[in-house]
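**Student:** Before anything else, here's the structure in question.
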Amino acid sequence: MRLIRCGHACIRLERDGVVIVIDPGVFSDPRALEGADAVLVTHEHEDHFAEPVLRAAAEAEPALRIRADRSVADRLDGLGAGRVTVVGDGDAFDIGGIGVEVHGELHAPTHPDFPQVTNVGFLVGNTETGGTVFHPGDAFTVPTRPVDTLLVPVHGPWSKTGEVVDYVREIKPRRALSIHDAGLSEVGNSLVDGLLKAGVRDFATGYESVAVGTGIELT
C-alpha cells in the first residue's frame, strides 16, 4: 500500500488501483480527491472536513462513497441514497478489498468550556497479517488491534508534545508518521520532530516527519 501525505491531516492510500482518502480539510490539497473511490472523515472540524470541496468531488464522481460520523454525514445530506454512510466505534467494512475498522468515539478535550464533538479513527489494512495504518483524527485513541503505521497528530490546541510522545509509546507501532502540523512554523516543526524522535527511540518505533506531497511505500 502506498501512502501520500496531502496536507495537514489528509492522507491518500493507494493499493491495486483502489484509492482511499482520509480527512480532506481546508489545509489539504484538493487534488487528493482525484480518482478517489472512498473518503473517510474522522470528525466535523474544517481542518479535517472541507464540506464544499468534498461535496463538489462527490457530485462530480457518482461512484465516490463517504463514510463518517453522524455530524459529518448530516452536513452532506442531499448527495443521494447510499452515498454517505454513518460509522461508529466497532464498525468494520471493506473498500475494494481493503479492510477498514472504526475505533473511538470522541474528540480529545480542548477546554471544559468548549463542546467535545464526536471523532472516529480509522484502521486501514489487513489486521490479521499486518500492514495496518491508523488515523486517529483528533484523539489519542488506542485501537484494540496492533498498529503497523501510526499517523501521529503532532500538534493541536487539544494536546501537548509530552502527550503525543506517550501516545506513540502506548501504541508501539513499527512506524510513526507525522500529520496535523499546519499550526506549526518551520522552527516549531523541527522542535517537535526532535522531541518525538528522542521520546520514542527506545520503544521499537521509527518516527518520521513527512513533508506534504511525499509518498511512502508501506510494507
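Order determines the names: the first chain of the C-alpha cells is A, the second B, and so forth; residues in each chain are numbered 1 upward, and ligands are numbered 1 upward as they are shown.
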Write out as number ranges by chain all residues of segment 55-214 of chain A that DSSP puts in strand (DSSP E or B) for this structure's backbone.

**Tutor:** A: 65-68, 84-86, 92-95, 98-103, 106, 118, 121-126, 130-135, 149-153, 175-179, 206-208

**Student:** Select from segment 57-130 of chain A everything DSSP, run on the backbone, classes as alpha helix (DSSP H), then give the selection as a list of chain:residue names.

**Tutor:**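 Alpha helix (DSSP H) members of segment 57-130 of chain A, listed: A:Ala57, A:Ala58, A:Glu59, A:Ala60, A:Arg70, A:Ser71, A:Val72, A:Ala73, A:Asp74, A:Arg75.
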
**Student:** Can you list, as a short mmCIF file (atom, residue, chain, number, x, y, z; two decimals) with C-alpha atoms, in the first residue's frame, every protein, DNA or RNA residue that comes within 9 Å of Asn189 of chain A when you count only C-alpha atoms, leaving out same-chain residues fewer than 6 positions away?

**Tutor:**
data_model
loop_
_atom_site.label_atom_id
_atom_site.label_comp_id
_atom_site.auth_asym_id
_atom_site.auth_seq_id
_atom_site.Cartn_x
_atom_site.Cartn_y
_atom_site.Cartn_z
CA VAL A 154 1.91 16.15 16.28
CA HIS A 155 0.29 19.47 17.16
CA ASP A 181 1.11 20.12 11.80
CA SER A 209 8.46 13.71 9.78
#

**Student:** Do you know which residues are at most 8 Å from Glu46 of chain A counting only C-alpha atoms, after dropping those on the same chain fewer than 4 positions away, and could you put them as a short mmCIF file (atom, residue, chain, number, x, y, z; two decimals) with C-alpha atoms, in the first residue's frame?

**Tutor:**
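Dumped everything to part17.cif:
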data_model
loop_
_atom_site.label_atom_id
_atom_site.label_comp_id
_atom_site.auth_asym_id
_atom_site.auth_seq_id
_atom_site.Cartn_x
_atom_site.Cartn_y
_atom_site.Cartn_z
CA GLY A 25 -9.82 19.52 5.07
CA VAL A 26 -9.28 23.19 4.30
CA ALA A 50 -13.85 20.81 3.85
CA GLU A 51 -17.53 20.43 3.07
#

**Student:** Return the single residue from A:Arg65, A:Arg169, A:Arg201, A:Arg55 that is closest to Ala36 of chain A, with distances computed using only C-alpha atoms.

**Tutor:** A:Arg65

**Student:** Considering only C-alpha atoms, state which residue in the set A:Asp91, A:Asp202, A:Asp138, A:Glu59 is at the smallest distance from His45 of chain A.

**Tutor:**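 Closest residue, counting only C-alpha atoms: A:Asp138.
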
**Student:** If you take only C-alpha atoms and a cut-off of 8 Å, which residues of segment 2-58 of chain A touch segment 69-87 of chain A, and what are their nearest atom pairs and distances in Å to one decimal, in chain and number order, as CSV?

**Tutor:**
residue,atom,partner,partner_atom,distance
A:Val41,CA,A:Asp69,CA,7.4
A:Thr42,CA,A:Asp69,CA,6.9
A:His43,CA,A:Val72,CA,6.5
A:Glu44,CA,A:Val72,CA,5.4
A:Phe49,CA,A:Val72,CA,7.9
A:Glu51,CA,A:Leu76,CA,7.5
A:Arg55,CA,A:Leu76,CA,7.0
A:Ala58,CA,A:Leu79,CA,7.4

**Student:** Could you dump the residues just selected with N, CA and C atoms as a compact mmCIF listing (two decimals), in the first residue's frame?

**Tutor:**
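Result went into out.txt, see below:
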# COMPACT_ATOMS: atom_id res chain seq x y z
N VAL A 41 -13.93 10.33 6.92
CA VAL A 41 -13.81 11.59 7.66
C VAL A 41 -13.94 11.32 9.14
N THR A 42 -12.93 11.75 9.91
CA THR A 42 -12.91 11.45 11.35
C THR A 42 -13.87 12.32 12.15
N HIS A 43 -14.02 13.62 11.76
CA HIS A 43 -14.91 14.50 12.52
C HIS A 43 -15.17 15.79 11.75
N GLU A 44 -15.98 16.64 12.32
CA GLU A 44 -16.56 17.78 11.62
C GLU A 44 -15.68 19.02 11.51
N PHE A 49 -12.43 18.34 7.44
CA PHE A 49 -13.63 18.19 6.62
C PHE A 49 -13.95 19.51 5.93
N GLU A 51 -16.24 20.85 3.64
CA GLU A 51 -17.53 20.43 3.07
C GLU A 51 -17.70 20.81 1.60
N ARG A 55 -18.12 17.91 -1.14
CA ARG A 55 -19.43 17.85 -1.81
C ARG A 55 -19.25 17.96 -3.33
N ALA A 58 -17.91 14.71 -4.70
CA ALA A 58 -18.95 13.67 -4.72
C ALA A 58 -19.95 13.91 -5.85

**Student:** Rounded to one decimal, what separation in Å do you get between atom CA of Pro62 of chain A and atom CA of Gly35 of chain A?

**Tutor:**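 Between atom CA of Pro62 of chain A and atom CA of Gly35 of chain A the gap is 11.4 Å.
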
**Student:** What's the 12 Å shell around Gly97 of chain A, counting only C-alpha atoms, without same-chain residues fewer than 3 positions away, as a PyMOL selection string?

**Tutor:** chain A and resi 14-20+37+93-94+100+124-126
